[in-house]
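Pasting upload.cif here (mmCIF, C-alpha atoms):
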```
data_target
loop_
_atom_site.label_atom_id
_atom_site.label_comp_id
_atom_site.auth_asym_id
_atom_site.auth_seq_id
_atom_site.Cartn_x
_atom_site.Cartn_y
_atom_site.Cartn_z
CA MET A 1 80.06 27.60 70.98
CA GLU A 2 80.93 27.83 67.29
CA ASN A 3 84.28 29.44 68.05
CA GLY A 4 85.26 26.59 70.38
CA VAL A 5 84.84 28.61 73.60
CA ARG A 6 82.98 26.87 76.42
CA ALA A 7 80.34 28.92 78.24
CA TRP A 8 77.45 28.46 80.65
CA SER A 9 73.97 28.16 79.17
CA PHE A 10 70.49 28.09 80.61
CA THR A 11 67.53 26.23 79.12
CA PHE A 12 63.87 26.43 80.11
CA ALA A 13 62.41 23.92 77.67
CA GLN A 14 60.98 21.70 80.41
CA TYR A 15 58.88 24.48 81.92
CA VAL A 16 57.74 25.70 78.49
CA LYS A 17 56.72 22.18 77.47
CA ALA A 18 54.74 21.71 80.68
CA ALA A 19 52.96 25.06 80.21
CA VAL A 20 52.08 24.24 76.61
CA GLN A 21 50.75 20.81 77.61
CA ASN A 22 48.50 22.38 80.24
CA VAL A 23 47.04 24.73 77.65
CA LYS A 24 46.54 21.85 75.20
CA TYR A 25 44.70 19.88 77.89
CA TYR A 26 42.44 22.84 78.66
CA LEU A 27 41.63 23.39 74.98
CA LYS A 28 40.87 19.68 74.60
CA THR A 29 38.21 20.00 77.29
CA GLN A 30 36.80 22.91 75.27
CA LYS A 31 36.88 20.79 72.09
CA SER A 32 39.49 23.05 70.54
CA SER A 33 43.24 23.05 69.89
CA LEU A 34 46.25 25.32 69.41
CA PRO A 35 46.87 26.89 65.99
CA THR A 36 48.95 24.65 63.77
CA LYS A 37 51.00 27.39 62.11
CA ALA A 38 52.69 29.94 64.35
CA LYS A 39 56.08 31.04 63.04
CA VAL A 40 55.96 34.33 64.96
CA PRO A 41 54.62 35.05 68.48
CA MET A 42 51.70 37.21 67.31
CA SER A 43 49.56 37.20 64.18
CA PRO A 44 51.01 39.64 61.59
CA GLY A 45 49.26 43.01 61.65
CA TYR A 46 47.30 42.31 64.83
CA ARG A 47 46.84 45.27 67.20
CA PRO A 48 45.43 44.34 70.66
CA GLU A 49 44.15 47.88 71.34
CA LEU A 50 42.00 47.77 68.16
CA ASP A 51 40.37 44.43 68.98
CA THR A 52 36.57 44.72 69.10
CA SER A 53 35.73 41.04 69.57
CA PRO A 54 33.30 40.03 72.38
CA GLU A 55 34.45 40.48 75.96
CA LEU A 56 35.39 37.32 77.84
CA LYS A 57 33.16 35.94 80.55
CA PRO A 58 34.51 36.15 84.14
CA GLN A 59 35.79 32.55 84.15
CA GLU A 60 37.51 32.97 80.80
CA ALA A 61 38.95 36.33 81.87
CA ALA A 62 40.45 34.71 84.98
CA TYR A 63 42.01 32.01 82.79
CA TYR A 64 43.40 34.72 80.48
CA GLN A 65 45.01 36.45 83.45
CA SER A 66 46.56 33.18 84.66
CA LEU A 67 48.05 32.56 81.21
CA ILE A 68 49.52 36.08 81.22
CA GLY A 69 51.19 35.22 84.53
CA ILE A 70 52.67 32.03 83.05
CA LEU A 71 53.96 33.88 80.00
CA ARG A 72 55.48 36.61 82.17
CA TRP A 73 57.44 33.95 84.04
CA ILE A 74 58.57 32.38 80.76
CA VAL A 75 59.85 35.81 79.72
CA GLU A 76 61.69 36.14 83.04
CA LEU A 77 63.28 32.73 82.47
CA GLY A 78 64.83 33.95 79.25
CA ARG A 79 62.37 33.90 76.36
CA SER A 80 63.05 37.47 75.28
CA GLY A 81 61.51 36.78 71.87
CA ILE A 82 57.97 37.05 73.27
CA CYS A 83 58.65 39.97 75.64
CA VAL A 84 56.97 42.63 73.48
CA GLU A 85 53.88 40.54 72.66
CA VAL A 86 53.30 39.51 76.28
CA SER A 87 53.68 43.12 77.41
CA MET A 88 51.12 44.29 74.84
CA LEU A 89 48.55 41.64 75.81
CA ALA A 90 49.16 42.20 79.53
CA SER A 91 47.84 45.75 79.06
CA HIS A 92 44.37 44.26 78.54
CA MET A 93 44.12 42.10 81.64
CA ILE A 94 41.29 44.19 83.12
CA LEU A 95 38.95 43.79 80.15
CA PRO A 96 40.23 40.99 77.89
CA ARG A 97 38.41 40.05 74.72
CA ARG A 98 38.10 36.88 72.67
CA GLY A 99 40.71 38.10 70.19
CA HIS A 100 43.20 38.70 73.02
CA LEU A 101 42.76 35.15 74.27
CA ASP A 102 43.20 33.80 70.74
CA GLN A 103 46.54 35.63 70.53
CA ILE A 104 47.58 34.08 73.84
CA TYR A 105 46.93 30.69 72.28
CA HIS A 106 48.95 31.82 69.26
CA ILE A 107 51.93 32.57 71.54
CA PHE A 108 51.67 29.13 73.12
CA ALA A 109 51.52 27.58 69.64
CA TYR A 110 54.72 29.47 68.81
CA LEU A 111 56.35 28.19 72.01
CA ASN A 112 55.23 24.67 71.12
CA ASN A 113 57.09 24.93 67.82
CA MET A 114 60.11 26.77 69.28
CA HIS A 115 60.51 25.23 72.74
CA ASN A 116 64.15 24.15 72.38
CA SER A 117 65.90 27.46 72.98
CA GLU A 118 68.41 28.58 75.56
CA ILE A 119 70.44 31.57 76.69
CA VAL A 120 74.22 31.33 76.37
CA PHE A 121 76.20 33.45 78.82
CA ASP A 122 79.20 34.31 76.68
CA HIS A 123 81.92 35.70 78.96
CA LEU A 124 84.14 37.02 76.18
CA GLU A 125 84.54 40.78 75.97
CA PRO A 126 83.12 42.40 72.83
CA GLU A 127 85.23 44.50 70.51
CA ASN A 128 86.24 47.70 72.28
CA PRO A 129 83.65 50.27 71.15
CA ASP A 130 85.59 53.38 72.30
CA TYR A 131 86.10 54.56 68.73
CA LEU A 132 82.32 54.97 68.38
CA PHE A 133 82.03 57.19 71.46
CA GLU A 134 83.86 60.49 71.15
CA GLY A 135 84.87 62.06 74.45
CA HIS A 136 84.14 65.71 75.32
CA ASP A 137 85.20 68.11 78.05
CA TRP A 138 82.25 68.77 80.39
CA LYS A 139 84.10 70.87 82.99
CA ASP A 140 82.79 74.19 81.69
CA THR A 141 79.17 73.03 81.49
CA VAL A 142 76.47 73.41 84.15
CA TYR A 143 77.18 69.85 85.27
CA GLY A 144 80.77 70.63 86.23
CA ASN A 145 82.94 67.86 87.63
CA CYS A 146 80.09 65.51 88.57
CA SER A 147 81.01 61.86 89.05
CA GLU A 148 79.30 58.56 89.71
CA ILE A 149 78.35 57.96 93.34
CA LEU A 150 80.18 54.86 94.61
CA PRO A 151 78.97 52.77 97.55
CA ASN A 152 81.13 53.25 100.65
CA ILE A 153 80.19 49.85 102.10
CA ALA A 154 80.89 47.84 98.95
CA PRO A 155 82.96 44.68 99.48
CA GLU A 156 86.44 44.32 98.08
CA SER A 157 86.44 43.81 94.32
CA ARG A 158 87.10 40.25 93.18
CA ARG A 159 88.20 38.74 89.90
CA TYR A 160 87.76 40.73 86.71
CA GLY A 161 85.53 43.51 85.48
CA PHE A 162 83.39 43.60 82.37
CA ILE A 163 82.08 45.78 79.55
CA MET A 164 78.44 46.78 79.86
CA ARG A 165 76.49 47.63 76.72
CA ALA A 166 72.86 48.69 76.30
CA PHE A 167 70.70 48.87 73.17
CA VAL A 168 67.57 51.03 73.31
CA ASP A 169 64.74 51.88 70.95
CA SER A 170 61.09 52.96 70.92
CA ASP A 171 58.16 52.73 68.52
CA HIS A 172 56.95 56.31 68.27
CA VAL A 173 53.16 56.55 68.95
CA GLY A 174 52.99 52.78 68.59
CA ASP A 175 49.68 52.46 70.45
CA SER A 176 46.90 53.21 67.95
CA ILE A 177 44.45 54.40 70.65
CA THR A 178 46.46 56.30 73.27
CA ARG A 179 49.34 57.14 70.89
CA ARG A 180 51.84 56.29 73.58
CA SER A 181 55.20 54.87 72.57
CA ARG A 182 56.74 51.66 73.81
CA THR A 183 60.21 51.55 75.35
CA GLY A 184 62.50 48.63 74.52
CA SER A 185 65.96 47.90 75.87
CA ILE A 186 68.43 45.05 76.28
CA ILE A 187 71.61 45.10 78.38
CA TYR A 188 74.71 42.93 77.99
CA LEU A 189 77.56 42.19 80.37
CA ASN A 190 80.40 41.37 77.99
CA SER A 191 78.50 39.27 75.43
CA SER A 192 75.84 37.90 77.80
CA PRO A 193 72.29 39.32 77.86
CA VAL A 194 71.32 40.02 81.48
CA TYR A 195 68.27 42.28 81.16
CA TYR A 196 65.61 43.10 78.59
CA SER A 197 62.41 45.07 78.86
CA SER A 198 59.41 46.27 76.88
CA LYS A 199 57.09 48.80 78.54
CA LYS A 200 54.55 51.35 77.41
CA GLN A 201 55.56 54.92 78.21
CA THR A 202 53.42 56.87 80.68
CA SER A 203 53.15 60.01 78.53
CA VAL A 204 52.34 60.89 74.93
CA GLU A 205 55.29 62.33 72.99
CA THR A 206 54.65 64.51 69.96
CA SER A 207 57.97 63.64 68.30
CA SER A 208 60.20 60.62 67.88
CA PHE A 209 62.92 62.66 69.61
CA GLY A 210 60.79 62.89 72.75
CA SER A 211 59.92 59.18 72.87
CA GLU A 212 63.53 58.15 72.17
CA CYS A 213 64.77 60.57 74.83
CA ILE A 214 62.46 59.03 77.45
CA THR A 215 63.65 55.57 76.38
CA MET A 216 67.25 56.64 76.90
CA LYS A 217 66.42 58.12 80.33
CA ILE A 218 64.68 54.93 81.51
CA CYS A 219 67.63 52.84 80.38
CA CYS A 220 70.14 55.13 82.11
CA GLU A 221 68.21 54.91 85.39
CA TYR A 222 68.29 51.11 85.28
CA ILE A 223 71.99 51.06 84.41
CA ARG A 224 72.83 53.24 87.42
CA GLY A 225 71.08 50.77 89.71
CA LEU A 226 72.68 47.76 88.02
CA ARG A 227 76.20 49.19 88.31
CA TYR A 228 75.60 49.85 92.01
CA LYS A 229 74.27 46.33 92.54
CA LEU A 230 77.25 44.70 90.83
CA ARG A 231 79.68 46.68 92.95
CA MET A 232 77.85 45.55 96.09
CA MET A 233 78.42 41.97 94.90
CA GLY A 234 82.17 42.55 94.71
CA ILE A 235 82.30 42.83 90.93
CA PRO A 236 84.52 45.70 89.73
CA ASP A 237 82.92 48.16 87.33
CA ASP A 238 85.55 50.65 86.25
CA SER A 239 84.71 51.09 82.57
CA PRO A 240 81.87 53.23 81.20
CA THR A 241 78.60 51.76 79.99
CA TYR A 242 78.09 52.09 76.23
CA ILE A 243 74.52 52.90 75.18
CA TYR A 244 73.48 52.42 71.55
CA GLY A 245 70.46 54.04 69.91
CA ASN A 246 69.21 54.83 66.42
CA ASN A 247 68.03 58.43 66.88
CA GLN A 248 70.93 60.67 65.93
CA SER A 249 69.36 63.78 67.48
CA VAL A 250 69.11 62.13 70.89
CA LEU A 251 72.64 60.77 70.65
CA THR A 252 73.98 64.19 69.68
CA ASN A 253 72.13 66.20 72.32
CA SER A 254 72.95 63.75 75.12
CA SER A 255 76.64 63.15 74.40
CA MET A 256 78.12 66.44 73.22
CA SER A 257 78.79 69.13 75.81
CA TYR A 258 78.42 71.98 73.31
CA SER A 259 75.11 70.75 71.87
CA VAL A 260 72.03 72.99 72.21
CA LEU A 261 68.53 71.54 72.21
CA LYS A 262 66.64 73.05 69.25
CA LYS A 263 63.72 70.67 68.93
CA LYS A 264 60.59 72.82 68.51
CA SER A 265 58.16 70.17 69.76
CA CYS A 266 60.04 69.78 73.06
CA SER A 267 60.45 73.54 73.57
CA ILE A 268 56.76 74.13 72.80
CA ALA A 269 55.74 71.55 75.40
CA TYR A 270 58.14 73.14 77.88
CA HIS A 271 56.66 76.63 77.42
CA ILE A 272 53.10 75.32 77.53
CA LEU A 273 53.82 73.76 80.93
CA LEU A 274 55.36 77.00 82.24
CA GLU A 275 52.48 79.09 80.92
CA ASN A 276 49.87 76.81 82.49
CA GLU A 277 51.73 76.84 85.79
CA LEU A 278 51.86 80.65 85.71
CA ARG A 279 48.14 80.83 85.00
CA LYS A 280 47.37 78.57 87.95
CA MET A 281 49.49 80.74 90.23
CA ASN A 282 47.76 83.93 89.02
CA ASP A 283 44.29 82.37 89.28
CA GLY A 284 45.07 81.25 92.84
#
```
Show me, as structure tokens, the structure contained in the file I just sent.
Amino acid sequence: MENGVRAWSFTFAQYVKAAVQNVKYYLKTQKSSLPTKAKVPMSPGYRPELDTSPELKPQEAAYYQSLIGILRWIVELGRSGICVEVSMLASHMILPRRGHLDQIYHIFAYLNNMHNSEIVFDHLEPENPDYLFEGHDWKDTVYGNCSEILPNIAPESRRYGFIMRAFVDSDHVGDSITRRSRTGSIIYLNSSPVYYSSKKQTSVETSSFGSECITMKICCEYIRGLRYKLRMMGIPDDSPTYIYGNNQSVLTNSSMSYSVLKKKSCSIAYHILLENELRKMNDG
């Protein structure tokens, strides 16, 4: 690396090149070709949910679905830069349109121009972020002295531990039709990215606080499973996981023991649910 430290790296250029060549060959049989200019994975300003172009015929729709499968595998291999775009287009696999397929070709054109990329697994620990995370006494709260459940059958810890960090965000009401938000997260072990995700949320949130809170919850659930898995592999995990977000209200309400939730939109939704449940009970 630039600092002189040697680290493992993983490249997937060979698979990407082969996938792009297959698409080029198919387009050649259709007397077409990939776009020549594709500096970003998706055309600027394009929204898949607003596409009203003609629906694809069954054979073309099957080809669209196969390309989504290839792109999903490329994302799994390490191309995190197309994770969001592939996730958005994968939401339209049941009824794909011509515009959706054109954007798939745009992604492959981008990969054709940017095929020489790799993931570097930097083992160096990041700067200790403790000063950013103020500790609080939770003993007098409703949660009491709760602690992380540790596996009893975990093997003996080997070698060294690590620092786990997570970065989360959401695009509030990002979907122009359903108004659902999209959850995004990336997790690092020391300075190595080990997990990234982009998924549409299953509910509609009326506030950015609500969508960011769900994003934080999803990330926390994955982290709990990952910490358990690492311990079962004999990797010690004694330090806390540091989660970064950009919504100050969520960070405040989820990290300070004396904080009180005062968000009107969340409390309104809460009381609406209780009132509806009470009505159902009375009607029954």
With all atoms listed in the file as the counted atoms, please give the residues lying no more than 9 Å from Leu89 in chain A, apart from itself and same-chain residues fewer than 4 positions off, as JSON, numbers by chain.
{"A": [48, 49, 68, 84, 85, 93, 96, 100, 101, 103, 104]}
Residues near range 19-31 of chain A, anyone? I mean within 9 Å using only C-alpha atoms, not counting same-chain ones fewer than 2 positions away, as a list in words.
Gln14, Tyr15, Val16, Lys17, Ser33, Leu34, Leu67, Ile70, Leu71, Tyr105, Phe108, Ala109, Leu111 and Asn112 of chain A
If the PyMOL selection byres ((chain A and resi 218) around 12) is run on the structure shown, which residues does it catch, given as a PyMOL selection string?
chain A and resi 166-170+182-186+197-202+211-217+219-225+243
Could you tell me how far CA of Phe162 in chain A sits from CA of Arg231 in chain A, in Å to one decimal place?
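So the answer is 11.6 Å.
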Go ahead and compute the interatomic distance for CA of Asn190 in chain A and CA of Val250 in chain A, in Å to one decimal.
24.7 Å
With a distance cut-off of 9 Å and all atoms listed in the file, select the neighbouring residues of Ser255 in chain A, excluding the residue or stretch itself and same-chain residues fewer than 6 positions from it, and output the selection as a PyMOL selection string.
chain A and resi 133-136
Please determine, counting only C-alpha atoms, which residue among A:Gln248, A:Ser157, A:Gln59, A:Asn116 has the shortest atom-to-atom distance to Thr11 in chain A.
A:Asn116
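For the pair CA of Glu55 in chain A and CA of Pro35 in chain A, the separation is 20.9 Å.
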Tell me which residues the PyMOL selection byres ((chain A and resi 192) around 8) grabs here, as a ChimeraX atom specification.
/A:120-123,188-191,193-194
Nearest to Arg98 in chain A, chosen from A:Asn3, A:Thr52, A:Asn247, A:Asn152, with all atoms listed in the file counted in the distances:
A:Thr52
Matched chain/residue IDs from the PyMOL selection byres ((chain A and resi 10) around 10), as a list in words
Trp8, Ser9, Thr11, Phe12, Ala13, Leu77, Gly78, Ser117, Glu118, Ile119, Val120 and Phe121 of chain A
Give the centre and edge lengths of an axis-aligned box, in Å to one decimal, that holds all listed atoms of range 233-236 of chain A with 5 Å on each side, as AutoDock Vina command-line options.
```
--center_x 81.5 --center_y 43.8 --center_z 92.3 --size_x 16.1 --size_y 13.7 --size_z 15.2
```
Up to 9 Å from (53.4, 58.8, 73.7) in the file's coordinates: name the residues, counting all atoms listed in the file, as a list of chain:residue names.
A:His172, A:Val173, A:Gly174, A:Asp175, A:Thr178, A:Arg179, A:Arg180, A:Ser181, A:Arg182, A:Lys200, A:Gln201, A:Thr202, A:Ser203, A:Val204, A:Glu205, A:Thr206, A:Ser207, A:Gly210, A:Ser211
Could you save the residues just selected, with C-alpha atoms, as a tab-separated table (two decimals), keeping the file's coordinate frame?
```tsv
chain	number	residue	atom	x	y	z
A	172	HIS	CA	56.95	56.31	68.27
A	173	VAL	CA	53.16	56.55	68.95
A	174	GLY	CA	52.99	52.78	68.59
A	175	ASP	CA	49.68	52.46	70.45
A	178	THR	CA	46.46	56.30	73.27
A	179	ARG	CA	49.34	57.14	70.89
A	180	ARG	CA	51.84	56.29	73.58
A	181	SER	CA	55.20	54.87	72.57
A	182	ARG	CA	56.74	51.66	73.81
A	200	LYS	CA	54.55	51.35	77.41
A	201	GLN	CA	55.56	54.92	78.21
A	202	THR	CA	53.42	56.87	80.68
A	203	SER	CA	53.15	60.01	78.53
A	204	VAL	CA	52.34	60.89	74.93
A	205	GLU	CA	55.29	62.33	72.99
A	206	THR	CA	54.65	64.51	69.96
A	207	SER	CA	57.97	63.64	68.30
A	210	GLY	CA	60.79	62.89	72.75
A	211	SER	CA	59.92	59.18	72.87
```
